[in-house]
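The file model35.txt contains compact mmCIF, C-alpha atoms:
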```txt
# COMPACT_ATOMS: atom_id res chain seq x y z
CA MET A 1 7.53 10.28 0.78
CA THR A 2 8.91 7.96 3.43
CA ILE A 3 6.67 6.54 6.12
CA ARG A 4 8.31 5.32 9.29
CA CYS A 5 6.43 3.51 11.99
CA PRO A 6 7.19 0.61 14.37
CA ILE A 7 6.31 -2.28 12.10
CA LEU A 8 7.45 -5.87 12.20
CA PRO A 9 7.42 -8.44 9.38
CA ILE A 10 5.36 -11.36 10.68
CA VAL A 11 4.01 -14.65 9.41
CA LEU A 12 0.42 -15.53 10.30
CA LYS A 13 -0.73 -19.13 10.21
CA GLY A 14 -4.34 -20.17 10.16
CA LYS A 15 -5.51 -22.74 7.63
CA ARG A 16 -3.41 -20.70 5.20
CA THR A 17 -0.05 -19.01 5.81
CA LEU A 18 0.47 -15.34 5.00
CA ASP A 19 3.41 -12.97 5.25
CA TYR A 20 2.03 -9.82 6.80
CA ILE A 21 2.96 -6.65 8.68
CA GLY A 22 2.47 -6.10 12.42
CA LEU A 23 2.26 -2.62 13.92
CA LEU A 24 3.47 -2.40 17.52
CA ASP A 25 0.60 -0.67 19.31
CA SER A 26 1.21 -0.36 23.04
CA GLY A 27 -2.08 1.54 23.32
CA ALA A 28 -4.11 -1.49 22.26
CA ASP A 29 -5.34 -3.79 25.03
CA VAL A 30 -5.28 -6.76 22.66
CA SER A 31 -4.11 -7.47 19.14
CA ALA A 32 -6.44 -6.93 16.22
CA ILE A 33 -6.68 -7.95 12.59
CA ASP A 34 -8.91 -7.03 9.64
CA MET A 35 -11.86 -9.29 8.85
CA SER A 36 -10.67 -9.66 5.25
CA VAL A 37 -7.31 -11.05 6.41
CA ALA A 38 -8.98 -13.33 8.97
CA GLU A 39 -11.08 -14.73 6.12
CA ILE A 40 -8.01 -15.26 3.92
CA LEU A 41 -6.36 -17.17 6.79
CA ASP A 42 -9.65 -19.00 7.40
CA LEU A 43 -9.56 -18.24 11.13
CA ASP A 44 -12.29 -19.50 13.43
CA LEU A 45 -14.88 -16.71 13.51
CA SER A 46 -17.35 -18.47 15.80
CA GLY A 47 -16.04 -16.65 18.89
CA GLU A 48 -17.84 -14.08 20.98
CA SER A 49 -18.66 -10.86 19.17
CA ASP A 50 -18.54 -7.51 20.88
CA LYS A 51 -17.83 -3.83 20.25
CA SER A 52 -14.43 -2.28 20.87
CA GLU A 53 -13.70 1.39 21.23
CA GLY A 54 -10.82 3.19 19.53
CA ILE A 55 -9.89 6.76 18.68
CA GLY A 56 -12.29 6.79 15.75
CA GLY A 57 -15.25 5.27 17.57
CA MET A 58 -16.79 1.85 18.03
CA VAL A 59 -16.03 -1.16 15.87
CA GLU A 60 -17.59 -4.62 15.73
CA THR A 61 -15.14 -7.33 16.75
CA ILE A 62 -15.04 -11.14 17.04
CA GLU A 63 -12.70 -12.97 19.43
CA SER A 64 -10.33 -15.40 17.72
CA SER A 65 -6.68 -16.41 17.76
CA VAL A 66 -3.87 -16.95 15.26
CA ASN A 67 -0.39 -18.46 15.17
CA LEU A 68 2.19 -15.69 14.93
CA HIS A 69 5.81 -16.18 13.83
CA PHE A 70 8.61 -13.67 13.45
CA SER A 71 12.38 -13.59 13.48
CA GLY A 72 14.75 -11.32 15.31
CA SER A 73 18.45 -10.97 14.65
CA HIS A 74 19.27 -13.90 16.95
CA GLU A 75 16.05 -15.67 17.67
CA ARG A 76 12.83 -16.94 16.17
CA PHE A 77 9.54 -16.56 17.95
CA ALA A 78 6.35 -18.54 17.43
CA PHE A 79 3.28 -18.47 19.61
CA ARG A 80 -0.49 -18.38 19.47
CA ILE A 81 -1.95 -14.97 20.10
CA PRO A 82 -5.51 -13.85 20.90
CA VAL A 83 -6.89 -11.41 18.33
CA LEU A 84 -9.96 -9.33 17.86
CA VAL A 85 -11.14 -9.61 14.28
CA MET A 86 -12.49 -6.20 13.33
CA ASP A 87 -14.87 -5.28 10.59
CA THR A 88 -13.86 -1.74 9.70
CA ASP A 89 -14.24 0.25 6.52
CA PRO A 90 -11.66 1.03 5.27
CA ASP A 91 -9.46 -1.86 6.34
CA LEU A 92 -6.50 -1.09 8.55
CA GLY A 93 -4.17 -3.25 6.46
CA MET A 94 -1.82 -4.29 9.27
CA MET A 95 -2.13 -6.43 12.35
CA LEU A 96 -2.16 -4.36 15.53
CA LEU A 97 0.11 -6.04 18.06
CA GLY A 98 -1.27 -5.10 21.46
CA ARG A 99 -0.47 -5.73 25.10
CA GLU A 100 -2.28 -8.99 25.94
CA GLY A 101 -0.48 -11.85 24.25
CA PHE A 102 2.28 -9.75 22.66
CA PHE A 103 3.75 -6.93 24.77
CA ASP A 104 3.36 -9.08 27.88
CA LYS A 105 5.92 -11.50 26.37
CA PHE A 106 8.63 -8.90 25.67
CA VAL A 107 10.52 -5.94 27.01
CA ALA A 108 10.04 -3.34 24.28
CA CYS A 109 12.29 -0.34 23.76
CA PHE A 110 11.42 2.36 21.21
CA ASP A 111 14.25 4.57 19.96
CA ASP A 112 12.53 6.95 17.56
CA PHE A 113 15.57 9.22 17.35
CA ASN A 114 17.52 6.37 15.74
CA GLN A 115 14.39 4.98 14.06
CA LYS A 116 14.57 1.56 15.63
CA PHE A 117 12.97 -0.54 18.31
CA THR A 118 14.10 -3.64 20.17
CA LEU A 119 12.12 -6.53 21.61
CA LYS A 120 13.67 -8.79 24.22
CA ARG A 121 11.92 -11.86 25.50
CA ASN A 122 10.68 -11.21 29.03
CA ASP A 123 11.73 -14.20 31.10
CA GLN A 124 10.47 -12.76 34.36
CA LYS A 125 7.92 -14.88 36.13
CA ARG A 126 4.91 -13.10 37.49
CA GLY A 127 4.80 -13.55 41.26
CA ARG A 128 3.14 -12.19 44.30
CA ARG A 129 4.07 -8.68 45.24
CA GLY A 130 4.81 -7.54 48.77
CA MET B 131 13.70 -4.65 0.36
CA ASN B 132 13.35 -0.92 -0.35
CA ALA B 133 10.60 0.11 -2.73
CA ASN B 134 8.70 3.22 -3.69
CA LEU B 135 5.07 2.27 -3.15
CA SER B 136 3.59 5.76 -3.50
CA ASP B 137 1.53 4.66 -6.53
CA TYR B 138 -0.34 2.25 -4.25
CA ILE B 139 -1.28 4.51 -1.32
CA GLY B 140 -4.56 3.36 0.20
CA LYS B 141 -4.53 0.11 -1.76
CA TRP B 142 -3.85 -3.49 -0.84
CA ILE B 143 -0.83 -4.98 -2.58
CA ALA B 144 0.55 -8.50 -2.80
CA ILE B 145 4.31 -8.96 -3.11
CA CYS B 146 5.94 -12.12 -4.36
CA ASP B 147 9.64 -12.55 -5.25
CA ASP B 148 10.18 -8.86 -4.37
CA LYS B 149 7.64 -7.71 -6.97
CA VAL B 150 4.15 -6.26 -6.62
CA VAL B 151 2.05 -8.92 -8.39
CA SER B 152 -1.45 -7.60 -7.69
CA GLU B 153 -3.11 -4.52 -6.25
CA GLY B 154 -6.59 -3.25 -5.53
CA LYS B 155 -9.14 -2.10 -2.98
CA GLU B 156 -10.21 -5.56 -1.72
CA ALA B 157 -7.75 -7.72 0.20
CA LYS B 158 -9.32 -11.05 -0.77
CA LYS B 159 -9.31 -10.27 -4.50
CA VAL B 160 -5.70 -9.06 -4.33
CA TYR B 161 -4.63 -12.19 -2.46
CA SER B 162 -6.57 -14.50 -4.78
CA GLU B 163 -4.97 -12.94 -7.88
CA ALA B 164 -1.52 -13.24 -6.30
CA GLU B 165 -2.15 -16.91 -5.43
CA LYS B 166 -2.85 -17.65 -9.09
CA LYS B 167 0.29 -15.83 -10.25
CA CYS B 168 2.58 -17.20 -7.54
CA LYS B 169 1.68 -20.83 -7.08
CA ASN B 170 3.26 -22.39 -3.97
CA LYS B 171 5.27 -19.24 -3.24
CA ARG B 172 5.14 -17.02 -0.19
CA ILE B 173 2.95 -13.97 -0.56
CA LEU B 174 3.23 -10.79 1.46
CA LEU B 175 -0.07 -8.95 1.68
CA THR B 176 -0.31 -5.42 3.01
CA LYS B 177 -2.12 -2.16 2.56
CA VAL B 178 0.02 0.84 1.75
CA PRO B 179 -0.65 3.52 4.36
CA GLY B 180 -1.13 7.22 3.71
CA LYS B 181 1.04 10.01 5.04
CA HIS B 182 -0.25 9.74 8.58
CA THR B 183 -1.40 6.48 10.08
CA MET B 184 -4.19 6.75 12.62
CA ILE B 185 -5.46 3.66 14.34
CA PHE B 186 -9.21 3.37 14.08
```
Here is the file; what I need is its structure written in the form of C-alpha cells.
Amino acid sequence: MTIRCPILPIVLKGKRTLDYIGLLDSGADVSAIDMSVAEILDLDLSGESDKSEGIGGMVETIESSVNLHFSGSHERFAFRIPVLVMDTDPDLGMMLLGREGFFDKFVACFDDFNQKFTLKRNDQKRGRRG
Amino acid sequence: MNANLSDYIGKWIAICDDKVVSEGKEAKKVYSEAEKKCKNKRILLTKVPGKHTMIF
C-alpha cells in the first residue's frame, strides 16, 4: 500500500530539536501539533487555551509557537510559526501546516496528477487596495 | 528513503540512520527509547498513517 499526501520533511526546534513531518493543510486557519510532540520539544504551554473545531468535532488547544526549518531544492527556510497544541486521542502524528504563519509566506501549487507540489517564497508586500 | 512501513500502521516510529529504532503507541516513549539508542544523532519521529488520512 502506498500513501501519497502533501507532506514536507521539517525540523522543529524548541528546547530539543526533532526531525518531523509537516502536512500542508490549506483548510487549517493555523498550524497545529500534537501535545505529545510539544512536550518532547518542551514548548511553552502556558499560552491561552481554547477549543478549535475540525471535521471530527471540537478539540482542546493551547496557543504556542515553534521554530520551523525546512529545505527546498534551492533554498533553506527558517522561521518561527504560531501553533495550536492539540490534545487529541489518537494523536495526529504530523504537524498541520496551516494558513497563518505558513501559507501566507508562500505561493503554493499542488499538482496531484504528477504527485508533487511547489512552494515559492511570496515576496509580495501587503498594501492598501483600491 | 523508500521504506515499507505497513507493519507500523497506526503506530509512532522513530527513525535514525535510515532504520526504525523504536515503535509503539506513545510518542514520548518511542522518542525516549530512540534517544537512548541513538545518542547525539538526529531522530525522525512520525506516526504511520492508515489508508485514508482524515484531519481531526
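Counting from atom CA of A:Glu39, the distance to atom CA of B:Tyr161 is 11.0 Å.
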**Asked** Neighbours of stretch 115-121 of chain A within 12 Å (only C-alpha atoms; same-chain residues fewer than 2 positions away dropped), as an MDAnalysis selection string?
**Response** chainID A and resid 3:8 23:24 70:78 102:113 123:125
**Prompt:** Which residues come within 9 Å of stretch 147-149 of chain B, counting all atoms listed in the file, excluding same-chain residues fewer than 3 positions away, as an NGL selection string?
**Reply:** :B and (131 or 144 or 168 or 171-173)
**Request:** Return as a ChimeraX atom specification the residues belonging to chain B that are within 6 Å of chain A, counting all atoms listed in the file.
**Result:** /B:173-177,186
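Taking atom CA of B:Lys141 and atom CA of B:Lys155 as endpoints, the distance between them is 5.3 Å.
Interatomic distance, atom CA of A:Gly14 to atom CA of A:Val85: 13.2 Å.
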**Prompt:** Within 8 Å of (-5.9, -8.4, 27.5), all atoms listed in the file: residues as number ranges by chain?
**Reply:** A: 29-30, 99-101
Can stretch 26-41 of chain A be brought up to N, CA and C atoms and written out as an mmCIF file, keeping the file's coordinate frame?
```
data_model
loop_
_atom_site.group_PDB
_atom_site.id
_atom_site.type_symbol
_atom_site.label_atom_id
_atom_site.label_comp_id
_atom_site.auth_asym_id
_atom_site.auth_seq_id
_atom_site.Cartn_x
_atom_site.Cartn_y
_atom_site.Cartn_z
ATOM 1 N N SER A 26 1.262 -0.188 21.581
ATOM 2 C CA SER A 26 1.210 -0.360 23.040
ATOM 3 C C SER A 26 -0.070 0.231 23.631
ATOM 4 N N GLY A 27 -0.817 0.988 22.841
ATOM 5 C CA GLY A 27 -2.080 1.540 23.320
ATOM 6 C C GLY A 27 -3.249 0.596 23.163
ATOM 7 N N ALA A 28 -3.016 -0.529 22.478
ATOM 8 C CA ALA A 28 -4.110 -1.490 22.260
ATOM 9 C C ALA A 28 -4.102 -2.538 23.373
ATOM 10 N N ASP A 29 -5.254 -2.772 23.979
ATOM 11 C CA ASP A 29 -5.340 -3.790 25.030
ATOM 12 C C ASP A 29 -4.999 -5.171 24.474
ATOM 13 N N VAL A 30 -5.517 -5.456 23.296
ATOM 14 C CA VAL A 30 -5.280 -6.760 22.660
ATOM 15 C C VAL A 30 -4.912 -6.523 21.198
ATOM 16 N N SER A 31 -4.464 -7.583 20.550
ATOM 17 C CA SER A 31 -4.110 -7.470 19.140
ATOM 18 C C SER A 31 -5.371 -7.504 18.289
ATOM 19 N N ALA A 32 -5.264 -6.988 17.082
ATOM 20 C CA ALA A 32 -6.440 -6.930 16.220
ATOM 21 C C ALA A 32 -6.030 -7.113 14.763
ATOM 22 N N ILE A 33 -6.953 -7.659 14.002
ATOM 23 C CA ILE A 33 -6.680 -7.950 12.590
ATOM 24 C C ILE A 33 -7.944 -7.662 11.783
ATOM 25 N N ASP A 34 -7.758 -7.304 10.512
ATOM 26 C CA ASP A 34 -8.910 -7.030 9.640
ATOM 27 C C ASP A 34 -9.683 -8.312 9.354
ATOM 28 N N MET A 35 -10.993 -8.159 9.211
ATOM 29 C CA MET A 35 -11.860 -9.290 8.850
ATOM 30 C C MET A 35 -11.408 -9.940 7.538
ATOM 31 N N SER A 36 -11.047 -9.110 6.558
ATOM 32 C CA SER A 36 -10.670 -9.660 5.250
ATOM 33 C C SER A 36 -9.455 -10.583 5.375
ATOM 34 N N VAL A 37 -8.513 -10.219 6.237
ATOM 35 C CA VAL A 37 -7.310 -11.050 6.410
ATOM 36 C C VAL A 37 -7.646 -12.303 7.211
ATOM 37 N N ALA A 38 -8.528 -12.158 8.206
ATOM 38 C CA ALA A 38 -8.980 -13.330 8.970
ATOM 39 C C ALA A 38 -9.651 -14.333 8.040
ATOM 40 N N GLU A 39 -10.401 -13.832 7.070
ATOM 41 C CA GLU A 39 -11.080 -14.730 6.120
ATOM 42 C C GLU A 39 -10.074 -15.391 5.187
ATOM 43 N N ILE A 40 -9.060 -14.657 4.769
ATOM 44 C CA ILE A 40 -8.010 -15.260 3.920
ATOM 45 C C ILE A 40 -7.320 -16.396 4.683
ATOM 46 N N LEU A 41 -7.045 -16.156 5.968
ATOM 47 C CA LEU A 41 -6.360 -17.170 6.790
ATOM 48 C C LEU A 41 -7.315 -18.283 7.220
#
```
